[in-house]
$ cat final.cif   # mmCIF, C-alpha atoms
data_upload
loop_
_atom_site.label_atom_id
_atom_site.label_comp_id
_atom_site.auth_asym_id
_atom_site.auth_seq_id
_atom_site.Cartn_x
_atom_site.Cartn_y
_atom_site.Cartn_z
CA MET M 21 138.11 -70.12 -32.05
CA ASN M 22 136.22 -70.48 -28.77
CA ILE M 23 137.35 -67.18 -27.30
CA TYR M 24 133.73 -65.97 -27.00
CA GLY M 25 132.48 -69.06 -25.16
CA GLN M 26 130.52 -71.91 -26.74
CA HIS M 27 127.09 -70.24 -26.83
CA VAL M 28 128.20 -67.12 -28.66
CA THR M 29 130.50 -69.15 -30.94
CA ARG M 30 127.60 -71.43 -31.90
CA LEU M 31 125.37 -68.43 -32.64
CA ILE M 32 128.06 -66.91 -34.88
CA GLU M 33 128.30 -70.24 -36.75
CA GLU M 34 124.53 -70.42 -37.19
CA PHE M 35 124.35 -66.87 -38.52
CA SER M 36 127.20 -67.39 -40.97
CA ARG M 37 125.26 -70.27 -42.57
CA LEU M 38 122.53 -67.83 -43.67
CA PRO M 39 122.68 -66.50 -47.24
CA GLY M 40 124.53 -63.22 -47.72
CA ILE M 41 125.92 -63.18 -44.16
CA GLY M 42 129.69 -63.49 -43.92
CA GLY M 43 131.86 -64.08 -40.87
CA LYS M 44 132.10 -60.42 -39.83
CA SER M 45 128.34 -59.81 -40.18
CA ALA M 46 127.60 -63.00 -38.25
CA GLN M 47 129.84 -61.80 -35.43
CA ARG M 48 128.19 -58.39 -35.38
CA LEU M 49 124.71 -59.96 -35.31
CA ALA M 50 125.68 -62.34 -32.48
CA PHE M 51 127.03 -59.47 -30.36
CA TYR M 52 123.86 -57.53 -31.07
CA ILE M 53 121.74 -60.49 -29.91
CA ILE M 54 123.55 -60.97 -26.59
CA HIS M 55 122.96 -57.31 -25.75
CA LEU M 56 119.24 -57.40 -26.62
CA PRO M 57 116.55 -57.43 -23.93
CA GLU M 58 115.63 -61.10 -23.41
CA GLU M 59 112.07 -60.65 -24.74
CA ARG M 60 113.44 -59.26 -28.03
CA ALA M 61 115.69 -62.31 -28.44
CA GLU M 62 112.71 -64.54 -27.66
CA ALA M 63 110.56 -62.71 -30.22
CA LEU M 64 113.19 -63.28 -32.92
CA ALA M 65 113.67 -66.97 -32.06
CA GLY M 66 109.91 -67.48 -31.82
CA SER M 67 109.23 -65.87 -35.19
CA ILE M 68 111.81 -68.16 -36.85
CA LEU M 69 110.10 -71.25 -35.44
CA SER M 70 106.55 -70.11 -36.10
CA ALA M 71 107.32 -69.06 -39.69
CA ARG M 72 109.04 -72.38 -40.40
CA ARG M 73 106.33 -74.49 -38.73
CA ASN M 74 103.24 -72.63 -39.87
CA VAL M 75 104.12 -71.81 -43.45
CA ARG M 76 101.20 -72.80 -45.69
CA TYR M 77 100.60 -72.59 -49.39
CA CYS M 78 97.29 -71.80 -51.11
CA ALA M 79 96.00 -75.05 -52.67
CA THR M 80 94.87 -73.08 -55.72
CA CYS M 81 97.66 -70.64 -56.58
CA CYS M 82 100.51 -71.99 -54.37
CA ALA M 83 101.12 -68.56 -52.77
CA LEU M 84 102.20 -68.25 -49.14
CA THR M 85 99.14 -67.81 -46.98
CA ASP M 86 97.61 -68.05 -43.51
CA ALA M 87 94.26 -69.37 -44.79
CA ASP M 88 93.40 -71.60 -47.72
CA PRO M 89 92.32 -70.32 -50.23
CA CYS M 90 94.56 -67.25 -49.95
CA SER M 91 93.14 -63.73 -49.73
CA ILE M 92 93.61 -63.14 -53.48
CA CYS M 93 92.01 -66.43 -54.62
CA ALA M 94 89.16 -65.81 -52.12
CA ASN M 95 88.57 -62.23 -53.31
CA VAL M 96 85.40 -62.19 -55.44
CA LYS M 97 86.38 -58.82 -56.93
CA ARG M 98 89.42 -60.27 -58.73
CA ASP M 99 89.24 -61.14 -62.41
CA THR M 100 89.25 -64.95 -62.30
CA ALA M 101 89.71 -65.29 -66.07
CA THR M 102 93.32 -64.05 -65.94
CA ILE M 103 96.22 -65.84 -64.25
CA MET M 104 99.70 -64.35 -63.90
CA VAL M 105 102.43 -66.98 -63.55
CA VAL M 106 105.35 -65.85 -61.32
CA GLU M 107 108.44 -67.63 -60.02
CA ASP M 108 108.28 -66.50 -56.44
CA PRO M 109 105.87 -65.01 -53.85
CA ARG M 110 108.10 -61.91 -53.87
CA ASP M 111 107.30 -61.34 -57.56
CA MET M 112 103.60 -61.62 -56.75
CA ALA M 113 104.05 -59.04 -53.97
CA ALA M 114 105.87 -56.77 -56.44
CA TYR M 115 102.93 -56.86 -58.89
CA GLU M 116 100.43 -56.36 -56.07
CA ARG M 117 102.32 -53.20 -55.10
CA THR M 118 101.74 -51.76 -58.58
CA GLY M 119 97.97 -51.85 -57.92
CA GLU M 120 97.53 -52.32 -61.68
CA TYR M 121 96.73 -56.01 -61.78
CA SER M 122 93.36 -57.42 -60.74
CA GLY M 123 93.64 -61.03 -61.93
CA LEU M 124 94.82 -64.11 -60.06
CA TYR M 125 98.34 -65.52 -59.68
CA HIS M 126 100.09 -68.83 -59.93
CA VAL M 127 103.38 -69.22 -58.04
CA LEU M 128 105.84 -71.69 -59.59
CA HIS M 129 108.29 -71.60 -56.64
CA GLY M 130 111.29 -71.54 -58.95
CA ALA M 131 112.26 -71.67 -62.60
CA ILE M 132 113.48 -74.45 -64.86
CA SER M 133 117.24 -74.67 -64.43
CA PRO M 134 119.09 -77.82 -65.56
CA MET M 135 122.27 -76.28 -64.08
CA HIS M 136 120.71 -76.41 -60.59
CA GLY M 137 118.83 -79.66 -61.19
CA VAL M 138 115.41 -77.97 -61.30
CA GLY M 139 113.08 -79.54 -63.88
CA PRO M 140 109.41 -78.84 -64.72
CA ASN M 141 108.29 -81.44 -62.16
CA ASP M 142 109.96 -79.48 -59.34
CA LEU M 143 107.68 -76.53 -60.06
CA THR M 144 103.90 -76.19 -59.64
CA ILE M 145 103.22 -76.57 -63.39
CA ALA M 146 101.01 -79.67 -62.94
CA ALA M 147 98.86 -77.71 -60.47
CA LEU M 148 98.58 -74.90 -63.04
CA LEU M 149 97.40 -77.30 -65.76
CA LYS M 150 94.84 -78.87 -63.41
CA ARG M 151 93.64 -75.42 -62.47
CA LEU M 152 93.22 -74.37 -66.11
CA GLN M 153 91.14 -77.51 -66.79
CA GLU M 154 88.82 -76.79 -63.88
CA GLN M 155 88.44 -73.02 -64.14
CA PRO M 156 87.50 -71.04 -67.27
CA THR M 157 90.57 -68.97 -68.11
CA GLU M 158 91.00 -66.45 -70.92
CA GLU M 159 94.62 -65.42 -70.51
CA VAL M 160 97.77 -66.69 -68.84
CA ILE M 161 100.37 -63.91 -68.38
CA ILE M 162 103.86 -65.31 -67.89
CA ALA M 163 105.83 -63.03 -65.58
CA THR M 164 108.87 -65.18 -64.87
CA ASN M 165 112.19 -63.35 -64.48
CA PRO M 166 113.82 -61.85 -67.60
CA ASN M 167 116.87 -64.13 -67.33
CA VAL M 168 117.90 -67.44 -68.94
CA GLU M 169 115.96 -69.65 -66.49
CA GLY M 170 112.90 -67.40 -66.53
CA GLU M 171 112.80 -67.29 -70.35
CA ALA M 172 113.22 -71.07 -70.60
CA THR M 173 110.37 -71.54 -68.13
CA ALA M 174 108.18 -69.08 -70.05
CA LEU M 175 108.80 -70.93 -73.34
CA TYR M 176 108.16 -74.32 -71.72
CA ILE M 177 104.82 -73.23 -70.23
CA ALA M 178 103.77 -71.45 -73.45
CA LYS M 179 104.48 -74.65 -75.38
CA ILE M 180 102.43 -76.96 -73.16
CA LEU M 181 99.56 -74.45 -73.01
CA LYS M 182 99.42 -74.09 -76.80
CA GLU M 183 97.00 -76.99 -77.29
CA THR M 184 94.60 -75.66 -74.63
CA GLY M 185 93.79 -72.66 -76.86
CA ILE M 186 94.15 -70.27 -73.91
CA LYS M 187 95.83 -66.96 -74.81
CA VAL M 188 99.38 -66.94 -73.38
CA THR M 189 101.25 -63.64 -73.06
CA ARG M 190 104.66 -62.60 -71.74
CA ILE M 191 105.30 -59.33 -69.88
CA ALA M 192 107.16 -56.79 -72.05
CA HIS M 193 110.91 -56.41 -72.09
CA GLY M 194 112.23 -52.88 -72.49
CA VAL M 195 114.09 -50.03 -70.90
CA PRO M 196 113.22 -49.55 -67.21
CA VAL M 197 111.27 -46.39 -66.40
CA GLY M 198 113.54 -43.75 -64.87
CA GLY M 199 116.62 -45.47 -66.26
CA ASP M 200 119.32 -43.91 -68.39
CA LEU M 201 119.63 -45.37 -71.92
CA GLU M 202 123.40 -45.06 -71.78
CA PHE M 203 123.58 -47.71 -69.01
CA VAL M 204 121.09 -50.18 -70.47
CA ASP M 205 122.58 -53.36 -71.95
CA GLU M 206 122.39 -54.14 -75.69
CA VAL M 207 119.94 -57.04 -75.38
CA THR M 208 117.45 -54.89 -73.47
CA LEU M 209 117.86 -52.05 -75.98
CA SER M 210 117.17 -54.47 -78.86
CA ARG M 211 114.10 -55.86 -77.11
CA ALA M 212 112.84 -52.34 -76.41
CA LEU M 213 113.21 -51.52 -80.13
CA GLU M 214 111.39 -54.69 -81.21
CA GLY M 215 108.59 -53.98 -78.76
CA ARG M 216 108.13 -50.35 -79.80
CA ARG M 217 104.59 -48.99 -79.90
CA GLU M 218 102.95 -46.20 -81.82
CA ILE M 219 102.38 -43.01 -79.84
CA ASN M 220 98.73 -41.96 -80.11
CA MET G 16 101.69 -55.82 -46.63
CA ASN G 17 100.41 -59.17 -45.43
CA ILE G 18 100.64 -60.92 -48.79
CA TYR G 19 103.02 -63.55 -47.35
CA GLY G 20 100.81 -64.47 -44.39
CA GLN G 21 101.31 -63.27 -40.81
CA HIS G 22 104.08 -65.68 -39.80
CA VAL G 23 106.40 -64.87 -42.69
CA THR G 24 105.57 -61.15 -42.43
CA ARG G 25 106.46 -61.16 -38.74
CA LEU G 26 109.75 -62.94 -39.44
CA ILE G 27 110.64 -60.35 -42.11
CA GLU G 28 109.92 -57.58 -39.58
CA GLU G 29 112.09 -59.24 -36.92
CA PHE G 30 114.99 -59.66 -39.34
CA SER G 31 114.81 -56.07 -40.56
CA ARG G 32 115.29 -54.87 -36.97
CA LEU G 33 118.76 -56.44 -36.90
CA PRO G 34 121.75 -54.17 -37.62
CA GLY G 35 122.90 -54.04 -41.25
CA ILE G 36 119.86 -55.94 -42.54
CA GLY G 37 117.54 -53.96 -44.80
CA GLY G 38 114.10 -54.83 -46.09
CA LYS G 39 115.30 -56.85 -49.08
CA SER G 40 117.82 -58.88 -47.05
CA ALA G 41 115.20 -59.54 -44.36
CA GLN G 42 112.85 -60.88 -47.05
CA ARG G 43 115.57 -63.08 -48.52
CA LEU G 44 116.47 -64.46 -45.07
CA ALA G 45 112.82 -65.15 -44.21
CA PHE G 46 112.30 -67.08 -47.46
CA TYR G 47 115.48 -69.02 -46.78
CA ILE G 48 114.21 -69.93 -43.27
CA ILE G 49 110.84 -71.26 -44.45
CA HIS G 50 112.60 -73.57 -46.89
CA LEU G 51 115.08 -74.90 -44.30
CA PRO G 52 114.70 -78.39 -42.79
CA GLU G 53 112.85 -77.91 -39.50
CA GLU G 54 115.84 -79.03 -37.39
CA ARG G 55 118.02 -76.33 -38.97
CA ALA G 56 115.44 -73.65 -38.12
CA GLU G 57 115.27 -75.04 -34.58
CA ALA G 58 119.07 -74.96 -34.29
CA LEU G 59 119.14 -71.29 -35.29
CA ALA G 60 116.31 -70.30 -32.93
CA GLY G 61 117.85 -72.35 -30.11
CA SER G 62 121.28 -70.79 -30.53
CA ILE G 63 119.77 -67.29 -30.34
CA LEU G 64 118.05 -68.13 -27.05
CA SER G 65 120.97 -69.98 -25.51
CA ALA G 66 123.49 -67.27 -26.43
CA ARG G 67 121.23 -64.57 -24.99
CA ARG G 68 120.42 -66.52 -21.82
CA ASN G 69 123.81 -68.05 -21.08
CA VAL G 70 126.15 -65.22 -21.90
CA ARG G 71 128.66 -64.81 -19.04
CA TYR G 72 131.51 -62.44 -18.42
CA CYS G 73 134.80 -63.28 -16.71
CA ALA G 74 134.76 -61.61 -13.27
CA THR G 75 138.43 -60.70 -13.71
CA CYS G 76 138.83 -59.41 -17.28
CA CYS G 77 135.14 -59.00 -18.30
CA ALA G 78 135.61 -61.11 -21.47
CA LEU G 79 132.83 -63.36 -22.76
CA THR G 80 133.28 -66.82 -21.33
CA ASP G 81 131.68 -70.16 -20.50
CA ALA G 82 133.57 -70.58 -17.21
CA ASP G 83 134.75 -68.01 -14.66
CA PRO G 84 137.67 -67.22 -14.69
CA CYS G 85 137.94 -67.33 -18.49
CA SER G 86 140.44 -69.59 -20.26
CA ILE G 87 142.95 -66.75 -20.64
CA CYS G 88 142.81 -65.55 -17.01
CA ALA G 89 142.99 -69.22 -15.89
CA ASN G 90 146.00 -69.99 -18.10
CA VAL G 91 149.11 -70.18 -15.87
CA LYS G 92 151.38 -69.77 -18.90
CA ARG G 93 150.16 -66.22 -19.59
CA ASP G 94 152.21 -63.24 -18.43
CA THR G 95 150.07 -61.90 -15.59
CA ALA G 96 152.12 -58.70 -15.25
CA THR G 97 150.80 -57.26 -18.53
CA ILE G 98 147.20 -56.26 -19.21
CA MET G 99 145.93 -55.16 -22.61
CA VAL G 100 142.83 -52.94 -22.43
CA VAL G 101 140.45 -53.41 -25.38
CA GLU G 102 137.00 -52.02 -26.16
CA ASP G 103 135.35 -55.23 -27.28
CA PRO G 104 135.72 -59.04 -27.09
CA ARG G 105 136.26 -58.95 -30.88
CA ASP G 106 139.38 -56.83 -30.43
CA MET G 107 140.65 -59.38 -27.93
CA ALA G 108 139.98 -62.16 -30.44
CA ALA G 109 141.88 -60.16 -33.08
CA TYR G 110 144.98 -59.91 -30.87
CA GLU G 111 144.71 -63.59 -29.92
CA ARG G 112 144.77 -64.46 -33.62
CA THR G 113 148.13 -62.70 -34.00
CA GLY G 114 149.65 -65.23 -31.56
CA GLU G 115 152.09 -62.47 -30.56
CA TYR G 116 150.59 -61.49 -27.23
CA SER G 117 150.93 -63.60 -24.09
CA GLY G 118 149.65 -61.21 -21.41
CA LEU G 119 146.12 -60.80 -20.03
CA TYR G 120 143.26 -58.62 -21.27
CA HIS G 121 140.70 -56.25 -19.86
CA VAL G 122 137.52 -55.70 -21.89
CA LEU G 123 135.90 -52.27 -21.45
CA HIS G 124 132.71 -53.14 -23.40
CA GLY G 125 132.69 -49.81 -25.18
CA ALA G 126 134.51 -46.48 -25.33
CA ILE G 127 133.83 -43.10 -23.80
CA SER G 128 131.45 -41.25 -26.11
CA PRO G 129 129.53 -38.21 -24.82
CA MET G 130 127.70 -38.16 -28.19
CA HIS G 131 126.18 -41.57 -27.43
CA GLY G 132 125.81 -40.95 -23.69
CA VAL G 133 128.60 -43.37 -22.74
CA GLY G 134 130.67 -42.16 -19.79
CA PRO G 135 133.55 -43.80 -17.87
CA ASN G 136 131.06 -45.37 -15.42
CA ASP G 137 129.38 -47.28 -18.25
CA LEU G 138 132.65 -49.10 -18.95
CA THR G 139 134.55 -51.62 -16.80
CA ILE G 140 137.16 -49.06 -15.71
CA ALA G 141 136.37 -49.46 -11.98
CA ALA G 142 136.94 -53.22 -12.34
CA LEU G 143 140.28 -52.50 -14.01
CA LEU G 144 141.41 -50.21 -11.15
CA LYS G 145 140.38 -52.80 -8.55
CA ARG G 146 142.25 -55.45 -10.49
CA LEU G 147 145.41 -53.35 -10.65
CA GLN G 148 145.27 -52.85 -6.86
CA GLU G 149 144.98 -56.58 -6.21
CA GLN G 150 147.36 -57.99 -8.80
CA PRO G 151 150.99 -56.90 -9.36
CA THR G 152 151.04 -55.34 -12.83
CA GLU G 153 154.01 -53.93 -14.72
CA GLU G 154 152.40 -52.64 -17.88
CA VAL G 155 148.94 -51.66 -19.13
CA ILE G 156 148.76 -51.59 -22.93
CA ILE G 157 145.84 -49.51 -24.17
CA ALA G 158 144.51 -51.00 -27.42
CA THR G 159 141.28 -49.07 -27.83
CA ASN G 160 140.24 -48.21 -31.41
CA PRO G 161 142.24 -45.54 -33.27
CA ASN G 162 139.20 -43.22 -33.55
CA VAL G 163 137.96 -40.23 -31.54
CA GLU G 164 136.18 -42.32 -28.87
CA GLY G 165 139.04 -44.79 -28.58
CA GLU G 166 141.66 -42.03 -28.23
CA ALA G 167 139.57 -40.20 -25.62
CA THR G 168 139.20 -43.44 -23.67
CA ALA G 169 142.94 -44.12 -23.92
CA LEU G 170 143.79 -40.65 -22.61
CA TYR G 171 141.24 -40.97 -19.79
CA ILE G 172 142.61 -44.31 -18.62
CA ALA G 173 146.23 -43.15 -18.95
CA LYS G 174 145.40 -40.13 -16.80
CA ILE G 175 143.78 -42.05 -13.94
CA LEU G 176 146.55 -44.68 -14.00
CA LYS G 177 149.29 -42.08 -13.83
CA GLU G 178 149.34 -41.96 -10.02
CA THR G 179 149.59 -45.76 -9.73
CA GLY G 180 153.11 -45.66 -11.21
CA ILE G 181 152.28 -48.54 -13.57
CA LYS G 182 153.74 -48.18 -17.06
CA VAL G 183 150.94 -47.28 -19.51
CA THR G 184 151.51 -47.72 -23.25
CA ARG G 185 149.39 -47.21 -26.38
CA ILE G 186 149.60 -49.46 -29.47
CA ALA G 187 151.41 -47.75 -32.36
CA HIS G 188 149.65 -45.80 -35.08
CA GLY G 189 151.12 -46.10 -38.55
CA VAL G 190 150.63 -47.34 -42.06
CA PRO G 191 148.93 -50.75 -42.25
CA VAL G 192 151.13 -53.61 -43.46
CA GLY G 193 150.32 -54.48 -47.08
CA GLY G 194 148.70 -51.09 -47.64
CA ASP G 195 149.50 -48.59 -50.34
CA LEU G 196 150.87 -45.24 -49.08
CA GLU G 197 148.94 -43.40 -51.76
CA PHE G 198 145.64 -44.39 -50.16
CA VAL G 199 146.57 -43.75 -46.53
CA ASP G 200 145.03 -40.64 -44.95
CA GLU G 201 147.18 -37.66 -43.86
CA VAL G 202 146.71 -38.16 -40.12
CA THR G 203 147.92 -41.76 -40.31
CA LEU G 204 150.89 -40.72 -42.49
CA SER G 205 151.84 -38.04 -39.92
CA ARG G 206 151.54 -40.53 -37.06
CA ALA G 207 153.64 -43.06 -38.97
CA LEU G 208 156.33 -40.38 -39.48
CA GLU G 209 156.28 -39.39 -35.80
CA GLY G 210 156.57 -43.02 -34.76
CA ARG G 211 159.43 -43.86 -37.12
CA ARG G 212 162.12 -46.23 -35.84
CA GLU G 213 165.74 -46.74 -36.74
CA ILE G 214 166.43 -49.73 -38.96
CA ASN G 215 169.09 -51.98 -37.43
#
$ encode --input "final.cif" --output "structure tokens"
Amino acid sequence: MNIYGQHVTRLIEEFSRLPGIGGKSAQRLAFYIIHLPEERAEALAGSILSARRNVRYCATCCALTDADPCSICANVKRDTATIMVVEDPRDMAAYERTGEYSGLYHVLHGAISPMHGVGPNDLTIAALLKRLQEQPTEEVIIATNPNVEGEATALYIAKILKETGIKVTRIAHGVPVGGDLEFVDEVTLSRALEGRREIN
Amino acid sequence: MNIYGQHVTRLIEEFSRLPGIGGKSAQRLAFYIIHLPEERAEALAGSILSARRNVRYCATCCALTDADPCSICANVKRDTATIMVVEDPRDMAAYERTGEYSGLYHVLHGAISPMHGVGPNDLTIAALLKRLQEQPTEEVIIATNPNVEGEATALYIAKILKETGIKVTRIAHGVPVGGDLEFVDEVTLSRALEGRREIN
């Protein structure tokens, strides 16, 4: 279908290759782009190139960063004896938004998933082990996702850290705050019961 | 929140300015981009710029095109005595996909909408009138959208074409093929009743 001319058709094709963008959305985005002021279109194209070309990872925690070490690893006020292991920089951002965590992070950039061909060597686990050897650490908090891959990854890391003697913890499973018990699945309800705590 | 570094943060901001893309989708797209092969990111950025910079409209029908006149206006097999007026190049593409229409088009690039500050002079109505003066035309089919703006635009065009003596028609309103009567709104059901035809 070249009814829109080659340039617009190519843009629609490029957009429809992005995740979560179907044919109709790609078309709508392309029509939006051709009606933008030229400097806005240039800003979008430029930010795609500069993000792709300048993306850097912190050599210590593997987070996305502009400078190495990243602002969290470089912050002397953080508790360097605690490391929270997350799958993705977005999970790290989510915990930073809570304002309740003052330790460091370690970003795995994925989870173990034999289904998708992702093994331990595709993650930053070796970098974590090296880091634990070099830096005195009291606790590793595993905050991988509460799904099959995340749990498998948590168990794998807990197992290889066992011999180091470092305390390894997993974030709690339970009912989400503000949720309605009626709509919570059985596994979560069971985990919430197991993890019950005394009210003081 | 600059936890992802300035380049990724800027890309997320650019994406969230696009229509239909919220904060979470923008984040997901930005993370997809930084993991793309560099040539794929360059292809996307390049197609945004080339679509924005090279977009051209057919001087006759105002459709998007690479060459002027566009492939439909230049096609000697098309019925040049019939012009279908549509709001948008996408509507033109939709009718082309039916394969049932062999006349020409005229793209208004919008519909009259006082709410959004769009008047007749913001559309290509003057170009349509000029075209009708220069080219012998038997019928103008108005295929604007079946909503308030589209109907207002259809009535407006029908009114100014009245004195030209050219036959002006409107595409039929009725129940969509494959639909379920139960779920069709009352206005559409009434229009479908009004427009009923004898079965031969």
$ interface_residues --input "final.cif" --of "chain M" --to "chain G" --cutoff "6 Å" --atoms "all atoms listed in the file" --output "list in words"
Tyr24, Gly25, His27, Val28, Leu31, Glu34, Ile54, Leu64, Ala65, Ser67, Ala71, Arg72, Leu84, Thr85 and Asp86 of chain M
$ residues_around --input "final.cif" --residues "Cys81 (chain M)" --least-positions-apart "4" --cutoff "7 Å" --atoms "only C-alpha atoms" --output "number ranges by chain"
M: 125-127
$ residues_around --input "final.cif" --residues "Leu128 (chain M)" --least-positions-apart "2" --cutoff "8 Å" --atoms "all atoms listed in the file" --output "VMD selection string"
chain M and resid 82 105 to 108 126 130 to 131 143 to 145
$ atom_distance --input "final.cif" --atom1 "CA of Met135 (chain M)" --atom2 "CA of Glu169 (chain M)"
9.5 Å
$ atom_distance --input "final.cif" --atom1 "CA of Thr75 (chain G)" --atom2 "CA of Leu143 (chain G)"
8.4 Å
$ atom_distance --input "final.cif" --atom1 "CA of Gln150 (chain G)" --atom2 "CA of Ile127 (chain G)"
25.1 Å
$ resolve_selection --input "final.cif" --expression "the PyMOL selection byres ((chain M and resi 181) around 12)" --output "PyMOL selection string"
chain M and resi 145-146+148-150+152-153+157-162+174-180+182-189
